[in-house]
Structure formats: C-alpha cells, structure tokens
>>> print(open('my_file20.cif').read())   # mmCIF, C-alpha atoms
data_upload
loop_
_atom_site.label_atom_id
_atom_site.label_comp_id
_atom_site.auth_asym_id
_atom_site.auth_seq_id
_atom_site.Cartn_x
_atom_site.Cartn_y
_atom_site.Cartn_z
CA MET A 61 -30.31 -33.90 63.56
CA LYS A 62 -28.36 -32.04 66.23
CA PRO A 63 -28.11 -34.03 69.49
CA ILE A 64 -30.54 -32.88 72.19
CA GLY A 65 -29.65 -32.90 75.88
CA GLY A 66 -26.42 -33.76 77.64
CA PHE A 67 -23.70 -31.30 78.70
CA LEU A 68 -23.34 -27.89 77.10
CA GLU A 69 -20.89 -27.31 74.27
CA LEU A 70 -18.57 -24.33 73.77
CA GLU A 71 -20.69 -21.18 73.63
CA ILE A 72 -20.43 -19.56 70.20
CA PHE A 73 -22.70 -16.73 69.20
CA ASP A 74 -23.73 -16.43 65.57
CA GLY A 75 -23.39 -13.03 63.95
CA ASN A 76 -24.55 -11.87 60.57
CA GLN A 77 -21.61 -13.01 58.44
CA PRO A 78 -17.80 -12.81 58.22
CA PHE A 79 -16.26 -9.48 57.21
CA HIS A 80 -14.94 -11.01 53.97
CA HIS A 81 -18.19 -12.72 53.04
CA ASP A 82 -17.56 -12.74 49.27
CA ALA A 83 -13.95 -13.97 49.39
CA LEU A 84 -12.74 -17.55 49.18
CA ALA A 85 -12.13 -18.60 52.80
CA LEU A 86 -9.15 -20.92 53.06
CA TYR A 87 -7.05 -22.51 55.79
CA THR A 88 -4.21 -19.97 55.94
CA ALA A 89 -2.87 -16.94 54.08
CA ARG A 90 -0.18 -19.28 52.76
CA ALA A 91 -2.89 -21.50 51.30
CA CYS A 92 -4.35 -18.41 49.59
CA PHE A 93 -0.96 -17.58 48.08
CA ASN A 94 -0.49 -21.23 47.11
CA LEU A 95 -3.80 -21.35 45.22
CA THR A 96 -3.01 -18.02 43.54
CA LEU A 97 0.33 -19.37 42.32
CA GLN A 98 -1.26 -22.54 40.99
CA HIS A 99 -3.80 -20.43 39.12
CA LEU A 100 -1.38 -17.83 37.67
CA LYS A 101 1.59 -20.17 37.05
CA PRO A 102 4.19 -17.36 37.14
CA SER A 103 7.65 -17.84 35.72
CA ARG A 104 9.13 -15.94 38.68
CA VAL A 105 7.89 -13.93 41.67
CA PHE A 106 9.70 -10.99 43.23
CA ILE A 107 9.15 -10.97 47.00
CA PRO A 108 10.28 -8.57 49.73
CA TYR A 109 13.34 -9.50 51.75
CA PHE A 110 11.52 -7.95 54.72
CA THR A 111 9.08 -10.81 55.26
CA CYS A 112 8.87 -14.16 57.01
CA ASN A 113 9.67 -17.53 55.46
CA SER A 114 5.99 -18.51 55.26
CA VAL A 115 5.82 -16.42 52.07
CA ILE A 116 8.53 -18.60 50.53
CA GLU A 117 6.83 -21.90 51.38
CA PRO A 118 4.16 -21.81 48.62
CA LEU A 119 6.80 -20.80 46.08
CA THR A 120 9.07 -23.73 46.87
CA ALA A 121 6.07 -26.08 47.06
CA ASN A 122 5.22 -25.14 43.46
CA LYS A 123 8.87 -24.98 42.33
CA ILE A 124 8.49 -21.36 41.27
CA PRO A 125 11.70 -19.27 41.20
CA TYR A 126 11.72 -16.17 43.36
CA THR A 127 13.95 -13.15 43.79
CA PHE A 128 14.20 -10.95 46.87
CA TYR A 129 13.89 -7.18 46.59
CA GLY A 130 14.76 -4.58 49.21
CA ILE A 131 12.62 -1.85 50.73
CA ASN A 132 13.47 1.53 52.25
CA SER A 133 12.67 3.01 55.66
CA GLN A 134 9.22 3.98 54.39
CA PHE A 135 8.49 0.30 53.58
CA GLU A 136 8.46 0.93 49.84
CA LEU A 137 10.55 -0.63 47.07
CA SER A 138 14.10 0.65 47.31
CA SER A 139 14.69 0.41 43.55
CA ASN A 140 12.72 0.11 40.33
CA LEU A 141 11.77 -3.41 39.26
CA SER A 142 11.06 -4.41 35.68
CA LEU A 143 9.01 -7.55 35.27
CA GLY A 144 9.71 -9.97 32.46
CA GLU A 145 7.25 -12.27 30.74
CA GLY A 146 5.20 -14.24 33.23
CA GLU A 147 6.80 -12.54 36.22
CA TYR A 148 4.86 -11.14 39.19
CA LEU A 149 5.57 -8.85 42.12
CA LEU A 150 4.33 -9.61 45.64
CA TYR A 151 4.02 -6.57 47.88
CA ILE A 152 2.97 -6.51 51.55
CA ASN A 153 0.64 -3.75 52.65
CA TYR A 154 2.85 -3.09 55.66
CA TRP A 155 0.95 -2.42 58.88
CA GLY A 156 -2.21 -1.69 56.86
CA LEU A 157 -0.78 1.79 56.23
CA LYS A 158 0.44 1.48 52.64
CA ASN A 159 -2.90 1.58 50.86
CA SER A 160 -1.96 4.57 48.68
CA TYR A 161 1.32 2.92 47.74
CA VAL A 162 -0.51 -0.29 46.80
CA GLU A 163 -2.67 1.77 44.43
CA TYR A 164 0.50 3.31 42.96
CA LEU A 165 1.97 -0.15 42.37
CA ILE A 166 -1.26 -1.34 40.77
CA LYS A 167 -1.06 1.52 38.26
CA LYS A 168 2.54 0.59 37.55
CA TYR A 169 2.37 -3.20 37.42
CA HIS A 170 -1.34 -3.71 36.72
CA SER A 171 -2.49 -7.32 37.22
CA ARG A 172 1.12 -8.49 37.76
CA LEU A 173 0.94 -7.21 41.34
CA ILE A 174 -0.15 -9.66 44.05
CA VAL A 175 -1.09 -7.92 47.29
CA ASP A 176 -0.28 -9.53 50.63
CA SER A 177 -2.90 -8.00 52.94
CA THR A 178 -2.08 -10.13 55.97
CA GLN A 179 -1.50 -6.90 57.91
CA ALA A 180 -4.44 -5.13 56.28
CA PHE A 181 -7.35 -7.38 57.21
CA PHE A 182 -9.99 -4.69 56.72
CA VAL A 183 -9.01 -3.98 53.11
CA GLN A 184 -11.18 -5.97 50.76
CA ARG A 185 -10.80 -6.74 47.07
CA TYR A 186 -8.76 -5.02 44.37
CA PRO A 187 -10.79 -5.36 41.14
CA LYS A 188 -7.90 -6.45 38.89
CA ASN A 189 -5.46 -8.04 41.36
CA PHE A 190 -5.17 -11.12 43.51
CA SER A 191 -4.87 -10.40 47.22
CA PHE A 192 -5.14 -12.36 50.44
CA ASN A 193 -5.18 -11.79 54.19
CA SER A 194 -5.10 -13.66 57.49
CA ALA A 195 -7.85 -13.84 60.09
CA ARG A 196 -5.50 -15.57 62.54
CA LYS A 197 -3.21 -12.56 62.79
CA ILE A 198 -6.08 -10.24 63.69
CA PHE A 199 -8.49 -12.32 65.79
CA GLY A 200 -8.28 -15.20 68.24
CA VAL A 201 -8.99 -18.07 65.84
CA PRO A 202 -6.82 -21.08 64.98
CA ASP A 203 -6.98 -20.72 61.19
CA GLY A 204 -8.42 -18.69 58.34
CA GLY A 205 -7.33 -16.66 55.34
CA TYR A 206 -9.36 -14.89 52.67
CA LEU A 207 -8.49 -14.84 48.97
CA TYR A 208 -9.73 -12.24 46.49
CA GLY A 209 -9.14 -12.28 42.75
CA PRO A 210 -10.26 -10.57 39.55
CA GLU A 211 -11.94 -13.84 38.59
CA PRO A 212 -13.12 -16.80 40.68
CA ILE A 213 -10.72 -19.70 41.18
CA PRO A 214 -12.53 -23.05 41.12
CA PHE A 215 -11.87 -24.76 44.43
CA ASP A 216 -13.71 -27.60 46.09
CA GLY A 217 -11.28 -28.63 48.81
CA GLU A 218 -12.18 -30.07 52.17
CA ARG A 219 -12.43 -28.03 55.33
CA ASN A 220 -9.49 -27.92 57.70
CA ALA A 221 -10.26 -30.37 60.49
CA VAL A 222 -6.87 -30.39 62.23
CA PHE A 223 -6.42 -27.39 64.48
CA HIS A 224 -5.75 -26.53 68.11
CA TYR A 225 -7.08 -23.74 70.27
CA ASP A 226 -5.43 -24.58 73.60
CA HIS A 227 -3.10 -21.59 73.21
CA LEU A 228 -6.10 -19.30 72.72
CA ILE A 229 -7.85 -20.67 75.83
CA GLN A 230 -4.70 -20.44 77.96
CA ARG A 231 -4.13 -16.85 76.84
CA TRP A 232 -7.74 -16.01 77.69
CA LEU A 233 -7.22 -17.54 81.14
CA GLY A 234 -4.13 -15.36 81.64
CA ASN A 235 -1.53 -18.14 81.51
CA GLN A 236 0.94 -16.16 79.40
CA GLN A 237 3.97 -18.46 79.48
CA ARG A 238 2.01 -21.65 78.83
CA SER A 239 -0.07 -20.05 76.08
CA TYR A 240 3.07 -18.78 74.33
CA GLU A 241 4.65 -22.25 74.39
CA LEU A 242 1.49 -23.74 72.90
CA PHE A 243 1.31 -20.93 70.34
CA VAL A 244 4.88 -21.51 69.12
CA ALA A 245 4.26 -25.25 68.84
CA TYR A 246 1.00 -24.73 66.92
CA GLU A 247 2.53 -22.19 64.54
CA LYS A 248 5.05 -24.82 63.45
CA THR A 249 2.23 -27.10 62.32
CA LEU A 250 0.70 -24.56 59.93
CA ASN A 251 1.45 -24.80 56.22
CA CYS A 252 0.18 -23.92 52.75
CA ASP A 253 -2.03 -26.97 52.23
CA LEU A 254 -5.08 -26.23 50.10
CA LYS A 255 -7.95 -26.56 52.55
CA ARG A 256 -10.95 -24.43 53.38
CA ILE A 257 -11.25 -22.61 56.69
CA SER A 258 -12.39 -24.75 59.63
CA LEU A 259 -16.03 -24.59 60.60
CA PHE A 260 -14.88 -23.61 64.11
CA SER A 261 -13.04 -20.48 62.93
CA GLU A 262 -15.71 -19.60 60.39
CA THR A 263 -18.36 -19.64 63.11
CA ILE A 264 -16.25 -17.54 65.48
CA LEU A 265 -15.54 -15.01 62.72
CA SER A 266 -19.25 -14.75 61.96
CA GLY A 267 -19.93 -13.53 65.49
CA ILE A 268 -17.32 -10.76 65.78
CA ASN A 269 -18.30 -7.13 66.19
CA TYR A 270 -16.08 -5.84 63.40
CA GLU A 271 -17.09 -2.22 63.79
CA ARG A 272 -16.02 -2.28 67.43
CA ALA A 273 -12.72 -3.95 66.52
CA MET A 274 -11.99 -1.36 63.82
CA ASN A 275 -12.84 1.60 66.07
CA ALA A 276 -10.63 0.27 68.86
CA ARG A 277 -7.66 -0.12 66.52
CA ILE A 278 -8.14 3.35 65.05
CA ASN A 279 -8.47 5.03 68.46
CA ASN A 280 -5.52 3.18 69.98
CA PHE A 281 -3.35 3.87 66.95
CA SER A 282 -4.26 7.56 67.05
CA ARG A 283 -3.18 7.83 70.69
CA CYS A 284 0.16 6.15 69.94
CA HIS A 285 0.71 8.38 66.93
CA GLU A 286 0.13 11.49 69.03
CA ALA A 287 2.72 10.25 71.50
CA PHE A 288 5.45 9.12 69.09
CA GLU A 289 5.03 10.92 65.78
CA GLY A 290 7.86 13.32 66.62
CA ILE A 291 10.47 10.57 67.06
CA ASN A 292 9.21 8.00 64.58
CA LEU A 293 11.56 7.54 61.61
CA PHE A 294 8.70 6.03 59.65
CA ARG A 295 6.86 9.03 58.22
CA PHE A 296 3.38 8.39 56.92
CA ASP A 297 0.15 10.18 56.18
CA TRP A 298 -2.49 8.31 58.11
CA HIS A 299 -6.18 8.60 57.36
CA ARG A 300 -8.69 7.43 59.95
CA GLN A 301 -10.43 5.21 57.43
CA GLU A 302 -7.30 3.04 57.41
CA VAL A 303 -7.40 0.33 60.09
CA PRO A 304 -3.81 -0.38 61.18
CA PHE A 305 -2.31 -3.69 62.24
CA ILE A 306 0.10 -2.27 64.84
CA TYR A 307 1.70 1.11 65.53
CA PRO A 308 5.10 0.82 63.77
CA LEU A 309 7.53 2.87 65.86
CA LEU A 310 10.86 2.98 64.02
CA LEU A 311 13.73 4.22 66.20
CA ASP A 312 17.30 5.24 65.42
CA HIS A 313 18.59 2.75 68.00
CA GLU A 314 17.70 -0.71 69.22
CA LEU A 315 15.31 -0.67 72.15
CA ASN A 316 16.25 -2.44 75.36
CA LYS A 317 13.12 -4.49 76.04
CA THR A 318 14.00 -5.62 79.57
CA LYS A 319 11.68 -3.11 81.23
CA LEU A 320 8.91 -4.06 78.83
CA TYR A 321 9.12 -7.75 79.73
CA THR A 322 9.11 -7.02 83.46
CA SER A 323 6.02 -4.86 82.87
CA ASN A 324 4.25 -7.73 81.06
CA ILE A 325 4.57 -6.05 77.66
CA PHE A 326 5.52 -8.53 74.95
CA LEU A 327 6.34 -7.23 71.48
CA SER A 328 6.68 -9.26 68.32
CA VAL A 329 9.71 -9.15 66.04
CA PHE A 330 9.18 -8.57 62.30
CA TRP A 331 10.90 -10.83 61.34
CA ASN A 332 13.63 -13.06 62.80
CA ASP A 333 13.78 -14.85 59.45
CA VAL A 334 15.30 -11.68 57.96
CA LEU A 335 18.23 -11.89 60.38
CA GLU A 336 18.88 -15.54 59.56
CA ARG A 337 19.28 -15.18 55.77
CA HIS A 338 22.65 -13.37 55.80
CA LEU A 339 22.39 -12.14 52.22
CA PRO A 340 24.36 -9.03 51.19
CA GLY A 341 22.64 -5.86 49.98
CA PHE A 342 19.70 -5.83 52.38
CA GLU A 343 21.10 -3.70 55.19
CA THR A 344 17.99 -1.52 55.40
CA ASP A 345 15.76 -4.59 55.78
CA VAL A 346 17.94 -5.83 58.64
CA PHE A 347 17.82 -2.35 60.21
CA LEU A 348 14.01 -2.43 60.07
CA THR A 349 13.94 -5.80 61.82
CA THR A 350 16.20 -4.70 64.67
CA HIS A 351 14.94 -1.12 65.11
CA LEU A 352 11.20 -1.47 64.62
CA VAL A 353 9.10 -1.42 67.81
CA PRO A 354 5.65 -2.80 66.87
CA LEU A 355 3.16 -1.54 69.43
CA PRO A 356 -0.04 -3.58 69.82
CA ILE A 357 -3.17 -1.48 69.30
CA ASP A 358 -5.85 -4.12 68.77
CA HIS A 359 -9.36 -4.39 70.17
CA ARG A 360 -8.25 -6.08 73.41
CA TYR A 361 -6.93 -2.77 74.75
CA ASN A 362 -8.67 0.29 76.10
CA GLU A 363 -7.37 3.77 76.89
CA GLU A 364 -5.86 2.68 80.21
CA HIS A 365 -3.84 -0.07 78.54
CA ILE A 366 -2.56 2.21 75.78
CA CYS A 367 -1.58 4.96 78.23
CA PHE A 368 0.41 2.41 80.25
CA LEU A 369 2.03 1.10 77.06
CA ILE A 370 3.03 4.61 75.95
CA LYS A 371 4.41 5.49 79.39
CA THR A 372 6.50 2.30 79.57
CA ILE A 373 7.86 2.69 76.05
CA LYS A 374 8.88 6.30 76.76
CA GLU A 375 10.67 5.22 79.94
CA SER A 376 12.48 2.50 77.98
CA ILE A 377 13.58 4.94 75.29
CA ALA A 378 14.86 7.54 77.76
#
>>> encode(input="my_file20.cif", output="structure tokens")
Amino acid sequence: MKPIGGFLELEIFDGNQPFHHDALALYTARACFNLTLQHLKPSRVFIPYFTCNSVIEPLTANKIPYTFYGINSQFELSSNLSLGEGEYLLYINYWGLKNSYVEYLIKKYHSRLIVDSTQAFFVQRYPKNFSFNSARKIFGVPDGGYLYGPEPIPFDGERNAVFHYDHLIQRWLGNQQRSYELFVAYEKTLNCDLKRISLFSETILSGINYERAMNARINNFSRCHEAFEGINLFRFDWHRQEVPFIYPLLLDHELNKTKLYTSNIFLSVFWNDVLERHLPGFETDVFLTTHLVPLPIDHRYNEEHICFLIKTIKESIA
C-alpha cells in the first residue's frame, strides 16, 4: 500500500509508455552491449577508432579481442573489412544521420553487424541485427539504455538502484558550473554492469512528449543546416524523417571556442579518448575530433536559441 499523507514527493507525470516499449530496458548502453556480447560470444569485434572508451569496456570485461578501424570524413568505413569466423563489426549510426549507410552495412555483413544507436535514439529495431541506444544521452535521466535483437535474450537482472540526479536538478536550476562538476563525477561511476533501468528513469521516460521532442530536433537541425550547409565538409542527404542527435558542423580549421564560452555556449567534444590513444594510421579520426563542431539542437531550444547559436558560431568562424 502506498503511504497516504505527509509531504509531497517529486512530481512525476505518467505518460502512455516509453518510446522503446518492446525493447529490453537496461541500465546503460554499455550494459546493452555487454549483454549482446555475452549472448553472441564473438571471437573478435571490429570497432571504430572514432568512439569513446565506454565501447571498449564491455569488450575487456568479457575478454573479447577487438580491432580498431578508421572512418572517412563522411563517417563511413575508410576501407573494406572482411570478417572471419565468429567476428562481428560494430558501427555507430553517427549523429542519427547514417541510417542509409547502416542499411548498406546490413546487406553486406548481415547479422554480423551490431548497430550502436546511442546517437540515433528514435531508430527502433533492425529485424536481423542487435542494436542498442541510450536514453541518458537524449533526455534528462540518470540511466537507461534499450537493447533490440533478432531474438529475445533471457535476462532477469535487478533494477539499477544506485543513481544520482543532483546534476540534472542543478542544471535545471541554472547552476551551470556546479551541475557540470556533478555530471563529470557521476559519469565516472557508470559502467557496463548488467542491470535493468531504474524505476525512476523508466517513469520519467514514460511521461515524455516524444513527438514534441522529435519535431524540435528536426526543426532546429533544419535551421542549422540552412545556415551552414555551404561550409560543412560533412556532406549528407538529410530526410526530415531522420531525427538527428546534433548538427555536425565539420570545418577545415579548428574553431576558437573562447567567444562561445563567454556567450554561455558549451559544446561537447567527440571524443577526447581518440586524442589520447596515439595510434598511427588514424589521422582522419583525429581530424574529426579536433575539427567537428557539434551544435546542440535538442528539444530544450526554440527558434530564438538556435538563431543566437548560429549567429555566435558565424562570428567565431569569421
């Protein structure tokens, strides 16, 4: 019986259901990848050099060998890969804009392709392939990842009960510096443990207006694309049914971000881990890390915000 009376709890509004209602909802995207690896038992996995170390964590946890591959300036494989017996290829649907290329890779590698959809939250299952995404990268929740597969994976793990949301509250209150410090500290606690999504995050994700979130991303992305298509080295055919993660502005020079910081514009780096590996033969991947300007286009921002962002970026480029 739910307690009656006393002070009011955190206000959470129930919606119909999560967007990925028929996926296996786990603790993190890493946990999804971990469970996939334990199910498939690959002899080796080819992974992109242009990714963060969290992708490596489940591989090392399961003692599965991995090999880096490079990508080109269009975020596609830079060379042909032949898979041996028991080997798999992990590909990231970069920025949620590589859906057609994912389909091409599926035709080429069939079920040996694992799709990392952490930047393509609104893409659901591939009938013959394992794929996973991250709710935490798209919405203000402390945990959550969704796993799809061609067949169900038996899993009866416990819910995640260890999470923090102080960084989310502080960001909501406008305390940018404090929220970022808390965010960095919390990110370091996340791992690939096999746990189900917390009840807290699951409830939050059941109350989100997903149609509104998708429309906002599409409209904000479209405005950025109109402003920067002419100078963007990343050439892509975008269809409005694709819901992007960010607007990936790839420049021919490194952007001085001083003006952005003083204007309260904070851009992520994809990914510092790339710069720390110091392996030869991945010059393009390093170039992408240092020259990519990832513009935020999510549902927090309206037309006024995006116009200010575009204006400030143009002034910084000039």
>>> resolve_selection(input="my_file20.cif", expression="the PyMOL selection byres ((chain A and resi 172) around 9)", output="ChimeraX atom specification")
/A:143,146-150,166,169-171,173-174,189-190
>>> write_last_selection(input="my_file20.cif", atoms="C-alpha atoms", output="compact mmCIF listing (two decimals), in the frame of the given file")
# COMPACT_ATOMS: atom_id res chain seq x y z
CA LEU A 143 9.01 -7.55 35.27
CA GLY A 146 5.20 -14.24 33.23
CA GLU A 147 6.80 -12.54 36.22
CA TYR A 148 4.86 -11.14 39.19
CA LEU A 149 5.57 -8.85 42.12
CA LEU A 150 4.33 -9.61 45.64
CA ILE A 166 -1.26 -1.34 40.77
CA TYR A 169 2.37 -3.20 37.42
CA HIS A 170 -1.34 -3.71 36.72
CA SER A 171 -2.49 -7.32 37.22
CA LEU A 173 0.94 -7.21 41.34
CA ILE A 174 -0.15 -9.66 44.05
CA ASN A 189 -5.46 -8.04 41.36
CA PHE A 190 -5.17 -11.12 43.51
>>> closest_residue(input="my_file20.cif", among="A:Arg185, A:His81, A:Ile131, A:Glu262", to="Glu343 (chain A)", atoms="only C-alpha atoms")
A:Ile131
>>> atom_distance(input="my_file20.cif", atom1="CA of Gln301 (chain A)", atom2="CA of Asn279 (chain A)")
11.2 Å
>>> resolve_selection(input="my_file20.cif", expression="the PyMOL selection byres ((chain A and resi 337) around 12)", output="MDAnalysis selection string")
chainID A and resid 109:113 128 331:336 338:343 345:346
>>> resolve_selection(input="my_file20.cif", expression="the PyMOL selection byres ((chain A and resi 91) around 8)", output="JSON, numbers by chain")
{"A": [86, 87, 88, 89, 90, 92, 93, 94, 95, 118, 205, 251, 252, 253, 254, 255]}
>>> residues_around(input="my_file20.cif", residues="region 319-323 of chain A", least_positions_apart="5", cutoff="8 Å", atoms="all atoms listed in the file", output="PyMOL selection string")
chain A and resi 372-373+376
>>> decode(input="my_file20.cif", residues="region 336-347 of chain A", atoms="all heavy atoms", output="JSON list (two decimals), in the first residue's frame")
[["chain", "number", "residue", "atom", "x", "y", "z"],
["A", 336, "GLU", "N", 43.79, 10.59, -27.05],
["A", 336, "GLU", "CA", 44.67, 10.03, -26.03],
["A", 336, "GLU", "C", 45.24, 8.66, -26.41],
["A", 336, "GLU", "O", 46.09, 8.12, -25.69],
["A", 336, "GLU", "CB", 43.91, 9.92, -24.70],
["A", 336, "GLU", "CG", 43.50, 11.28, -24.14],
["A", 336, "GLU", "CD", 42.54, 11.18, -22.96],
["A", 336, "GLU", "OE1", 42.16, 10.02, -22.61],
["A", 336, "GLU", "OE2", 42.18, 12.22, -22.39],
["A", 337, "ARG", "N", 44.80, 8.10, -27.54],
["A", 337, "ARG", "CA", 45.25, 6.75, -27.89],
["A", 337, "ARG", "C", 46.62, 6.75, -28.60],
["A", 337, "ARG", "O", 47.37, 5.81, -28.48],
["A", 337, "ARG", "CB", 44.20, 6.06, -28.78],
["A", 337, "ARG", "CG", 42.92, 5.77, -28.03],
["A", 337, "ARG", "CD", 41.93, 4.96, -28.83],
["A", 337, "ARG", "NE", 40.65, 4.90, -28.14],
["A", 337, "ARG", "CZ", 39.48, 5.27, -28.64],
["A", 337, "ARG", "NH1", 39.42, 5.74, -29.89],
["A", 337, "ARG", "NH2", 38.39, 5.20, -27.93],
["A", 338, "HIS", "N", 46.87, 7.76, -29.40],
["A", 338, "HIS", "CA", 48.18, 7.92, -30.06],
["A", 338, "HIS", "C", 48.58, 6.69, -30.88],
["A", 338, "HIS", "O", 49.72, 6.23, -30.85],
["A", 338, "HIS", "CB", 49.27, 8.21, -29.02],
["A", 338, "HIS", "CG", 48.98, 9.40, -28.16],
["A", 338, "HIS", "ND1", 48.88, 10.69, -28.66],
["A", 338, "HIS", "CD2", 48.75, 9.50, -26.83],
["A", 338, "HIS", "CE1", 48.61, 11.52, -27.68],
["A", 338, "HIS", "NE2", 48.52, 10.83, -26.56],
["A", 339, "LEU", "N", 47.62, 6.16, -31.63],
["A", 339, "LEU", "CA", 47.92, 5.04, -32.53],
["A", 339, "LEU", "C", 48.10, 5.57, -33.95],
["A", 339, "LEU", "O", 47.36, 6.45, -34.38],
["A", 339, "LEU", "CB", 46.80, 4.01, -32.49],
["A", 339, "LEU", "CG", 46.56, 3.30, -31.15],
["A", 339, "LEU", "CD1", 45.40, 2.32, -31.28],
["A", 339, "LEU", "CD2", 47.82, 2.59, -30.68],
["A", 340, "PRO", "N", 49.07, 5.04, -34.69],
["A", 340, "PRO", "CA", 49.30, 5.52, -36.06],
["A", 340, "PRO", "C", 48.21, 5.03, -37.01],
["A", 340, "PRO", "O", 47.58, 3.98, -36.78],
["A", 340, "PRO", "CB", 50.66, 4.93, -36.42],
["A", 340, "PRO", "CG", 50.77, 3.69, -35.58],
["A", 340, "PRO", "CD", 50.05, 4.00, -34.30],
["A", 341, "GLY", "N", 47.98, 5.78, -38.09],
["A", 341, "GLY", "CA", 47.07, 5.35, -39.14],
["A", 341, "GLY", "C", 45.64, 5.82, -38.99],
["A", 341, "GLY", "O", 44.77, 5.43, -39.77],
["A", 342, "PHE", "N", 45.39, 6.67, -38.00],
["A", 342, "PHE", "CA", 44.02, 7.15, -37.77],
["A", 342, "PHE", "C", 43.97, 8.67, -37.79],
["A", 342, "PHE", "O", 43.29, 9.30, -36.98],
["A", 342, "PHE", "CB", 43.49, 6.60, -36.44],
["A", 342, "PHE", "CG", 43.36, 5.10, -36.42],
["A", 342, "PHE", "CD1", 44.34, 4.33, -35.83],
["A", 342, "PHE", "CD2", 42.27, 4.48, -37.00],
["A", 342, "PHE", "CE1", 44.24, 2.95, -35.81],
["A", 342, "PHE", "CE2", 42.15, 3.09, -36.99],
["A", 342, "PHE", "CZ", 43.14, 2.33, -36.39],
["A", 343, "GLU", "N", 44.69, 9.25, -38.75],
["A", 343, "GLU", "CA", 44.77, 10.71, -38.82],
["A", 343, "GLU", "C", 43.41, 11.35, -39.09],
["A", 343, "GLU", "O", 43.10, 12.42, -38.55],
["A", 343, "GLU", "CB", 45.78, 11.12, -39.90],
["A", 343, "GLU", "CG", 47.23, 10.83, -39.56],
["A", 343, "GLU", "CD", 47.59, 9.35, -39.67],
["A", 343, "GLU", "OE1", 46.83, 8.61, -40.33],
["A", 343, "GLU", "OE2", 48.62, 8.95, -39.12],
["A", 344, "THR", "N", 42.59, 10.71, -39.93],
["A", 344, "THR", "CA", 41.27, 11.28, -40.22],
["A", 344, "THR", "C", 40.40, 11.29, -38.97],
["A", 344, "THR", "O", 39.67, 12.26, -38.72],
["A", 344, "THR", "CB", 40.57, 10.47, -41.33],
["A", 344, "THR", "OG1", 41.34, 10.55, -42.53],
["A", 344, "THR", "CG2", 39.18, 11.03, -41.60],
["A", 345, "ASP", "N", 40.48, 10.25, -38.17],
["A", 345, "ASP", "CA", 39.68, 10.17, -36.94],
["A", 345, "ASP", "C", 40.09, 11.28, -35.96],
["A", 345, "ASP", "O", 39.23, 11.89, -35.30],
["A", 345, "ASP", "CB", 39.86, 8.81, -36.29],
["A", 345, "ASP", "CG", 39.55, 7.67, -37.25],
["A", 345, "ASP", "OD1", 40.41, 7.37, -38.11],
["A", 345, "ASP", "OD2", 38.45, 7.11, -37.18],
["A", 346, "VAL", "N", 41.39, 11.55, -35.89],
["A", 346, "VAL", "CA", 41.87, 12.65, -35.04],
["A", 346, "VAL", "C", 41.39, 13.98, -35.60],
["A", 346, "VAL", "O", 40.97, 14.87, -34.84],
["A", 346, "VAL", "CB", 43.41, 12.60, -34.95],
["A", 346, "VAL", "CG1", 43.94, 13.85, -34.23],
["A", 346, "VAL", "CG2", 43.86, 11.34, -34.23],
["A", 347, "PHE", "N", 41.43, 14.14, -36.92],
["A", 347, "PHE", "CA", 40.94, 15.36, -37.57],
["A", 347, "PHE", "C", 39.47, 15.59, -37.22],
["A", 347, "PHE", "O", 39.05, 16.72, -36.92],
["A", 347, "PHE", "CB", 41.12, 15.25, -39.08],
["A", 347, "PHE", "CG", 40.55, 16.40, -39.86],
["A", 347, "PHE", "CD1", 41.29, 17.54, -40.11],
["A", 347, "PHE", "CD2", 39.24, 16.35, -40.34],
["A", 347, "PHE", "CE1", 40.76, 18.61, -40.82],
["A", 347, "PHE", "CE2", 38.69, 17.40, -41.05],
["A", 347, "PHE", "CZ", 39.46, 18.55, -41.30]]
